[in-house]
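Heads up, structure.txt below (compact mmCIF, C-alpha atoms):
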# COMPACT_ATOMS: atom_id res chain seq x y z
CA MET A 1 85.49 99.55 83.06
CA SER A 2 82.61 97.47 84.35
CA GLU A 3 84.56 94.29 83.64
CA ARG A 4 87.67 95.61 85.37
CA ALA A 5 85.61 96.77 88.33
CA ALA A 6 84.08 93.29 88.60
CA VAL A 7 87.49 91.62 88.46
CA ALA A 8 88.94 94.04 91.02
CA ARG A 9 86.16 93.14 93.40
CA ALA A 10 86.37 89.41 92.71
CA ALA A 11 90.15 89.38 93.15
CA ALA A 12 89.97 91.37 96.38
CA ARG A 13 87.35 88.99 97.73
CA VAL A 14 89.48 85.96 96.91
CA GLY A 15 92.54 87.45 98.59
CA ALA A 16 90.51 88.60 101.60
CA GLU A 17 89.13 85.10 102.05
CA VAL A 18 92.64 83.62 102.11
CA ALA A 19 93.81 86.23 104.62
CA ALA A 20 90.68 85.86 106.77
CA ASP A 21 91.28 82.11 107.12
CA ALA A 22 94.60 82.91 108.82
CA PHE A 23 93.37 85.84 110.91
CA ARG A 24 93.68 85.25 114.66
CA THR A 25 95.45 81.92 114.16
CA GLU A 26 99.07 81.07 114.88
CA PHE A 27 101.59 81.98 112.18
CA ASP A 28 105.17 83.13 111.85
CA VAL A 29 105.88 86.83 111.45
CA GLU A 30 108.90 88.18 109.57
CA THR A 31 110.26 91.71 109.59
CA LYS A 32 111.40 93.60 106.49
CA ALA A 33 112.76 97.16 106.67
CA GLY A 34 112.14 97.57 110.41
CA PRO A 35 110.46 96.09 113.50
CA THR A 36 107.03 97.45 112.53
CA ASP A 37 107.38 96.51 108.85
CA VAL A 38 106.14 92.93 108.98
CA VAL A 39 104.99 90.23 106.59
CA THR A 40 103.33 86.83 107.06
CA ARG A 41 102.63 83.75 105.02
CA ALA A 42 99.06 85.02 104.72
CA ASP A 43 100.29 88.13 102.88
CA ARG A 44 102.07 86.00 100.29
CA GLU A 45 99.28 83.46 99.86
CA ALA A 46 96.61 86.15 99.61
CA GLN A 47 98.63 88.04 97.02
CA ALA A 48 99.13 84.87 94.97
CA ALA A 49 95.37 84.28 95.00
CA VAL A 50 94.67 87.87 93.92
CA VAL A 51 97.16 87.74 91.05
CA GLU A 52 95.84 84.39 89.87
CA ARG A 53 92.29 85.74 89.77
CA ILE A 54 93.34 88.86 87.85
CA HIS A 55 95.28 86.84 85.30
CA GLU A 56 92.33 84.55 84.70
CA SER A 57 90.62 87.52 83.04
CA PHE A 58 93.56 89.69 81.99
CA PRO A 59 96.56 87.37 81.53
CA ASP A 60 98.82 89.95 79.89
CA ASP A 61 98.29 92.85 82.31
CA THR A 62 101.02 94.07 84.65
CA VAL A 63 100.34 93.52 88.35
CA VAL A 64 102.09 95.83 90.82
CA GLY A 65 102.35 94.62 94.40
CA GLU A 66 104.15 94.75 97.71
CA GLU A 67 105.18 91.13 98.15
CA ALA A 68 107.23 88.58 96.17
CA ASP A 69 108.76 89.59 92.86
CA LEU A 70 105.97 91.75 91.46
CA PRO A 71 106.83 95.11 89.85
CA ARG A 72 106.71 97.96 92.36
CA ALA A 73 105.97 100.89 90.05
CA VAL A 74 102.76 101.61 88.15
CA PRO A 75 103.42 101.95 84.39
CA ASP A 76 102.36 105.23 82.81
CA GLU A 77 101.10 103.47 79.69
CA GLY A 78 98.71 100.57 79.26
CA PRO A 79 96.58 98.60 81.72
CA ALA A 80 97.85 97.58 85.15
CA TRP A 81 96.66 96.35 88.53
CA VAL A 82 97.82 97.45 91.98
CA VAL A 83 97.53 94.93 94.81
CA ASP A 84 98.00 94.92 98.56
CA PRO A 85 97.01 91.52 99.99
CA ILE A 86 96.86 92.82 103.57
CA ASP A 87 97.03 96.55 104.10
CA GLY A 88 97.42 96.89 107.85
CA THR A 89 99.55 93.81 108.49
CA ASN A 90 100.50 95.02 111.98
CA ASN A 91 96.80 95.13 112.84
CA PHE A 92 96.35 91.70 111.27
CA VAL A 93 99.22 90.26 113.33
CA GLY A 94 97.89 91.82 116.52
CA GLY A 95 94.37 90.51 115.99
CA LEU A 96 92.88 93.93 115.25
CA ARG A 97 90.14 94.01 112.63
CA GLN A 98 91.35 97.12 110.77
CA TRP A 99 92.96 95.61 107.68
CA THR A 100 91.92 95.21 104.08
CA THR A 101 92.73 93.42 100.86
CA SER A 102 93.13 96.07 98.19
CA VAL A 103 92.95 95.80 94.40
CA ALA A 104 92.90 98.68 91.91
CA ALA A 105 92.73 98.65 88.12
CA ALA A 106 94.70 101.39 86.37
CA GLN A 107 94.95 102.63 82.81
CA ASP A 108 97.86 104.80 81.68
CA GLY A 109 98.82 105.38 85.29
CA GLU A 110 95.36 106.45 86.48
CA PRO A 111 93.04 104.32 88.64
CA VAL A 112 89.79 103.38 86.92
CA ALA A 113 88.29 100.86 89.37
CA ALA A 114 89.01 99.72 92.90
CA ALA A 115 87.99 97.38 95.70
CA ASN A 116 88.97 97.46 99.36
CA VAL A 117 87.59 94.38 101.11
CA ALA A 118 87.79 94.33 104.92
CA PRO A 119 86.45 90.89 105.89
CA ALA A 120 87.04 91.25 109.63
CA LEU A 121 84.84 94.35 109.57
CA GLY A 122 82.33 92.89 107.14
CA ASP A 123 82.80 95.82 104.76
CA GLU A 124 83.50 96.08 101.05
CA TYR A 125 84.22 99.41 99.36
CA ALA A 126 84.23 99.03 95.58
CA GLY A 127 83.37 100.42 92.18
CA ALA A 128 84.47 102.29 89.07
CA GLU A 129 82.52 105.44 88.19
CA THR A 130 80.20 104.90 91.13
CA VAL A 131 81.53 103.39 94.35
CA THR A 132 79.51 101.69 97.04
CA LEU A 133 79.73 100.22 100.51
CA ASN A 134 78.54 96.60 100.63
CA ASP A 135 76.73 97.00 97.30
CA ALA A 136 74.15 99.15 99.06
CA SER A 137 74.84 102.79 99.82
CA THR A 138 76.61 104.92 97.23
CA LEU A 139 79.68 106.44 98.83
CA GLU A 140 79.80 110.19 99.34
CA VAL A 141 82.33 112.23 101.27
CA SER A 142 81.17 114.37 104.16
CA THR A 143 79.84 117.87 103.61
CA LYS A 144 81.36 119.32 106.77
CA SER A 145 83.28 122.58 106.57
CA ASP A 146 83.65 123.71 110.18
CA PRO A 147 87.20 122.69 111.24
CA ALA A 148 85.98 122.08 114.79
CA ALA A 149 83.66 119.36 113.50
CA LEU A 150 86.22 117.52 111.34
CA THR A 151 88.13 114.29 112.03
CA VAL A 152 91.53 113.97 110.36
CA VAL A 153 93.75 110.89 109.99
CA PRO A 154 97.57 111.03 109.91
CA THR A 155 98.48 107.93 107.95
CA PHE A 156 101.64 105.91 107.30
CA TRP A 157 104.32 105.67 109.96
CA TRP A 158 107.23 107.97 110.69
CA ASP A 159 110.64 106.40 111.38
CA TYR A 160 112.10 106.85 114.84
CA ASP A 161 114.41 109.61 113.63
CA GLU A 162 111.37 111.44 112.21
CA ARG A 163 109.17 111.37 115.30
CA GLU A 164 109.47 115.13 115.76
CA ALA A 165 107.79 115.54 112.38
CA TYR A 166 105.09 113.07 113.43
CA ALA A 167 104.53 114.97 116.68
CA THR A 168 104.33 118.23 114.73
CA VAL A 169 101.73 116.84 112.33
CA CYS A 170 99.62 115.50 115.21
CA ARG A 171 99.86 118.79 117.09
CA GLU A 172 98.78 120.71 113.99
CA ILE A 173 95.80 118.41 113.55
CA VAL A 174 94.58 118.73 117.14
CA GLU A 175 95.05 122.50 117.08
CA ARG A 176 93.26 123.01 113.74
CA PHE A 177 90.57 120.32 113.73
CA GLY A 178 88.01 118.71 115.97
CA ASP A 179 89.49 115.22 116.34
CA LEU A 180 92.24 112.84 115.24
CA ARG A 181 92.16 109.14 114.36
CA ARG A 182 94.82 106.69 113.31
CA PHE A 183 93.83 103.26 111.95
CA GLY A 184 97.09 101.60 110.88
CA SER A 185 95.80 101.05 107.33
CA ALA A 186 96.00 103.79 104.74
CA GLN A 187 93.55 102.02 102.45
CA LEU A 188 90.95 101.81 105.20
CA ALA A 189 91.52 105.45 106.15
CA LEU A 190 90.87 106.50 102.55
CA SER A 191 87.83 104.21 102.39
CA PHE A 192 86.47 105.83 105.55
CA LEU A 193 87.02 109.25 103.97
CA ALA A 194 85.13 108.17 100.86
CA SER A 195 82.21 107.05 103.03
CA GLY A 196 82.09 110.28 105.04
CA ALA A 197 83.20 108.64 108.29
CA VAL A 198 86.28 110.89 108.47
CA ASP A 199 87.03 114.16 106.72
CA GLY A 200 90.73 114.19 105.86
CA VAL A 201 93.71 111.83 105.42
CA LEU A 202 97.28 113.03 105.10
CA THR A 203 101.00 112.44 105.28
CA GLU A 204 104.05 114.27 104.00
CA LEU A 205 105.97 110.99 103.76
CA PRO A 206 106.63 109.08 100.51
CA THR A 207 103.86 106.56 99.83
CA ASN A 208 103.55 103.26 97.99
CA PRO A 209 101.00 102.67 95.22
CA TRP A 210 99.64 99.50 96.84
CA ASP A 211 98.83 101.52 99.98
CA THR A 212 97.06 104.34 98.17
CA VAL A 213 95.82 103.89 94.59
CA ALA A 214 92.60 102.01 95.33
CA GLY A 215 91.63 104.32 98.16
CA VAL A 216 92.41 107.42 96.12
CA HIS A 217 90.02 106.22 93.41
CA LEU A 218 87.29 105.64 95.98
CA VAL A 219 87.74 109.13 97.45
CA ARG A 220 87.67 110.86 94.08
CA GLN A 221 84.59 108.99 92.88
CA ALA A 222 82.86 109.83 96.16
CA GLY A 223 83.43 113.54 95.56
CA GLY A 224 86.65 114.15 97.49
CA THR A 225 89.91 115.81 96.51
CA VAL A 226 93.35 114.16 96.57
CA THR A 227 96.58 116.09 95.99
CA ASP A 228 100.27 115.87 96.74
CA VAL A 229 101.86 118.01 99.46
CA GLU A 230 102.10 120.96 97.06
CA GLY A 231 98.40 120.88 96.26
CA GLU A 232 98.89 119.39 92.78
CA ARG A 233 96.70 116.52 91.59
CA TRP A 234 97.92 113.29 93.22
CA ARG A 235 99.55 110.57 91.11
CA HIS A 236 100.79 107.13 92.02
CA ASP A 237 104.36 108.49 92.18
CA SER A 238 103.58 111.68 94.13
CA VAL A 239 105.33 112.54 97.38
CA GLY A 240 102.90 112.45 100.28
CA ILE A 241 99.14 112.52 100.08
CA VAL A 242 96.53 115.06 101.14
CA ALA A 243 92.95 113.81 100.79
CA SER A 244 89.89 115.75 101.86
CA ASN A 245 86.11 115.87 101.54
CA GLY A 246 86.61 118.35 98.71
CA ASP A 247 85.84 121.54 100.59
CA PRO A 248 88.53 123.99 99.36
CA ALA A 249 89.05 125.60 102.77
CA VAL A 250 89.35 122.21 104.47
CA HIS A 251 91.88 121.04 101.90
CA GLU A 252 93.93 124.19 102.37
CA GLU A 253 94.09 123.59 106.12
CA LEU A 254 95.25 120.02 105.53
CA LEU A 255 98.01 121.30 103.24
CA LYS A 256 99.17 123.59 106.05
CA VAL A 257 99.42 120.57 108.35
CA VAL A 258 101.68 118.62 106.00
CA GLN A 259 103.77 121.70 105.31
CA ALA A 260 104.44 122.03 109.04
CA GLY A 261 105.64 118.42 109.05
CA ARG A 262 107.89 119.08 106.08
CA ASP A 263 109.43 122.12 107.77
CA VAL A 264 110.80 120.02 110.64
CA ASP A 265 114.57 119.43 110.37
CA ARG A 266 115.32 115.79 109.75

What would you get if you wrote out this structure as structure tokens?
Amino acid sequence: MSERAAVARAAARVGAEVAADAFRTEFDVETKAGPTDVVTRADREAQAAVVERIHESFPDDTVVGEEADLPRAVPDEGPAWVVDPIDGTNNFVGGLRQWTTSVAAAQDGEPVAAANVAPALGDEYAGAETVTLNDASTLEVSTKSDPAALTVVPTFWWDYDEREAYATVCREIVERFGDLRRFGSAQLALSFLASGAVDGVLTELPTNPWDTVAGVHLVRQAGGTVTDVEGERWRHDSVGIVASNGDPAVHEELLKVVQAGRDVDR
């Protein structure tokens, strides 16, 4: 695992460097599934650099990713890698610093090492059994339990015809917890949870492995809990995500929030 952790970090750094060179420069922006689902040349070039670095060390491993022709599902058997060259592309395009290059190593469908490198913030969350911020402090989730003191992040983005569900989730958060944040990058939100900067991350929407797997590993190794919307242990193919600082009462409140979102007629 130490070798895979080192390669995850090295690959994420390489991809982040490529993306950072294009950040706040002029480039074309393409849309995919909708007007807020965007991609740039930097996404593709950063992903190519990440994959090349992984295959230097593990040439036969499957690499799952968002862009190009990479597989989009994590295999349940054998080694694999999960890559997002720029998680938070809308932030990247707008010149906001909240984006990260994400690389996770998986074995038999479970993450075993991860790196989220956010060059515009100067932060690097990475590790295998132990995870750190900038090679210095060991990451630990918060120890808060008073709902009035907690900050919760609704992550991913609801389609226009699902905005009532989004409004419901946000209302539930502000009525149950102390504060709400939204960063536009699920991987960063999970990294912040792992570091104790926020206390919960959630959505009832379907998720993608490249947006979640690395961050989930960081949260778990930092002492947090990650489940699906039913409270079962989260997997790469789970529906939704509910991540907390591990306090059972806090996690139960987060599950109530996503259930309220699911109860909205769509």

(request) Give me, please, the distance in Å between atom CA of Pro111 of chain A and atom CA of Gly231 of chain A, quoted to one decimal. (result) 19.0 Å

(message) If we count all atoms listed in the file and set the cut-off at 8 Å, which residues sit around Thr100 of chain A, ignoring sequence neighbours fewer than 3 positions away in its own chain? Please answer as an NGL selection string.
(response) :A and (16 or 85-88 or 116-119 or 185 or 187-188)

Sorted per-residue table, segment 195-225 of chain A near segment 123-134 of chain A, closest atoms and distance, 10 Å, all atoms listed in the file, as JSON lines:
{"residue": "A:Ser195", "atom": "CA", "partner": "A:Leu133", "partner_atom": "CA", "distance": 7.7}
{"residue": "A:Ala214", "atom": "CA", "partner": "A:Ala126", "partner_atom": "CA", "distance": 8.9}
{"residue": "A:Gly215", "atom": "CA", "partner": "A:Tyr125", "partner_atom": "CA", "distance": 9.0}
{"residue": "A:His217", "atom": "CA", "partner": "A:Ala128", "partner_atom": "CA", "distance": 8.1}
{"residue": "A:Leu218", "atom": "CA", "partner": "A:Val131", "partner_atom": "CA", "distance": 6.4}
{"residue": "A:Val219", "atom": "CA", "partner": "A:Val131", "partner_atom": "CA", "distance": 9.0}
{"residue": "A:Arg220", "atom": "CA", "partner": "A:Glu129", "partner_atom": "CA", "distance": 9.5}
{"residue": "A:Gln221", "atom": "CA", "partner": "A:Glu129", "partner_atom": "CA", "distance": 6.2}
{"residue": "A:Ala222", "atom": "CA", "partner": "A:Val131", "partner_atom": "CA", "distance": 6.8}

For the residues selected in the previous step, produce a file with C-alpha atoms as a PDB file, in the frame of the given file.
ATOM      1  CA  SER A 195      82.210 107.050 103.030  1.00  0.00           C
ATOM      2  CA  ALA A 214      92.600 102.010  95.330  1.00  0.00           C
ATOM      3  CA  GLY A 215      91.630 104.320  98.160  1.00  0.00           C
ATOM      4  CA  HIS A 217      90.020 106.220  93.410  1.00  0.00           C
ATOM      5  CA  LEU A 218      87.290 105.640  95.980  1.00  0.00           C
ATOM      6  CA  VAL A 219      87.740 109.130  97.450  1.00  0.00           C
ATOM      7  CA  ARG A 220      87.670 110.860  94.080  1.00  0.00           C
ATOM      8  CA  GLN A 221      84.590 108.990  92.880  1.00  0.00           C
ATOM      9  CA  ALA A 222      82.860 109.830  96.160  1.00  0.00           C
TER      10      ALA A 222
END

Go ahead and fit an axis-aligned box to every listed atom of segment 185-204 of chain A plus 3 Å each side, and pass me the centre and edge lengths in Å, one decimal, as lines of an AutoDock Vina configuration file.
center_x = 93.1
center_y = 107.7
center_z = 104.7
size_x = 28.0
size_y = 19.2
size_z = 13.6

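With atom CA of Leu202 of chain A on one side and atom CA of Gln98 of chain A on the other, the separation reads 17.9 Å.
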
(request) Find the distance between atom CA of Phe183 of chain A and atom CA of Thr89 of chain A and write it in Å to one decimal. (result) 11.6 Å

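Closest to Ala197 of chain A among A:Thr138, A:Thr31, A:Thr101, A:Asn245 is A:Asn245, based on only C-alpha atoms.
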
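Distance check against Ala22 of chain A using all atoms listed in the file: of A:Trp81, A:Phe58, A:Trp234, A:Phe92, the minimum falls on A:Phe92.
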
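For the choices A:Ala148, A:Gly184, A:Glu140, A:Gly65, the atom-to-atom distance to Thr225 of chain A is smallest for A:Glu140 when using all atoms listed in the file.
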
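When all atoms listed in the file are used to compute distances to Gly196 of chain A, the closest of the residues A:Pro154, A:Gly178, A:Gly246, A:Pro209 turns out to be A:Gly246.
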
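The environment of Leu205 of chain A within 7 Å, counting all atoms listed in the file and disregarding residues fewer than 2 places along the same chain, consists of A:Thr203, A:Thr207, A:Val239, A:Gly240.
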
I need the chosen residues saved as a PDB file, in the frame of the given file, with C-alpha atoms.
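again13.pdb written:
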ATOM      1  CA  THR A 203     101.000 112.440 105.280  1.00  0.00           C
ATOM      2  CA  THR A 207     103.860 106.560  99.830  1.00  0.00           C
ATOM      3  CA  VAL A 239     105.330 112.540  97.380  1.00  0.00           C
ATOM      4  CA  GLY A 240     102.900 112.450 100.280  1.00  0.00           C
TER       5      GLY A 240
END

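Closest to Arg24 of chain A among A:Ser238, A:Asn91, A:Ser57, A:Thr168 is A:Asn91, based on only C-alpha atoms.
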
(message) If we count all atoms listed in the file and set the cut-off at 10 Å, which residues sit around Met1 of chain A, ignoring sequence neighbours fewer than 4 positions away in its own chain? Please answer as a PyMOL selection string.
(response) chain A and resi 5-7+105-107+112-113+127-129

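Among the candidates A:Val82, A:Ala19, A:Val141, A:Leu96, the residue lying nearest to Asp247 of chain A is A:Val141 (atoms considered: all atoms listed in the file).
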
Which residues of segment 123-170 of chain A have any atom within 10 Å of an atom in segment 256-262 of chain A when counting all atoms listed in the file, and what is the closest pair of atoms for each, with the distance in Å to one decimal? Order the rows by chain and rising number and write it as CSV.
residue,atom,partner,partner_atom,distance
A:Pro154,CA,A:Val258,CA,9.5
A:Glu162,CA,A:Gly261,CA,9.6
A:Glu164,CA,A:Gly261,CA,8.4
A:Ala165,CA,A:Gly261,CA,4.9
A:Tyr166,CA,A:Gly261,CA,6.9
A:Ala167,CA,A:Gly261,CA,8.4
A:Thr168,CA,A:Gly261,CA,5.8
A:Val169,CA,A:Gly261,CA,5.3
A:Cys170,CA,A:Val257,CA,8.5
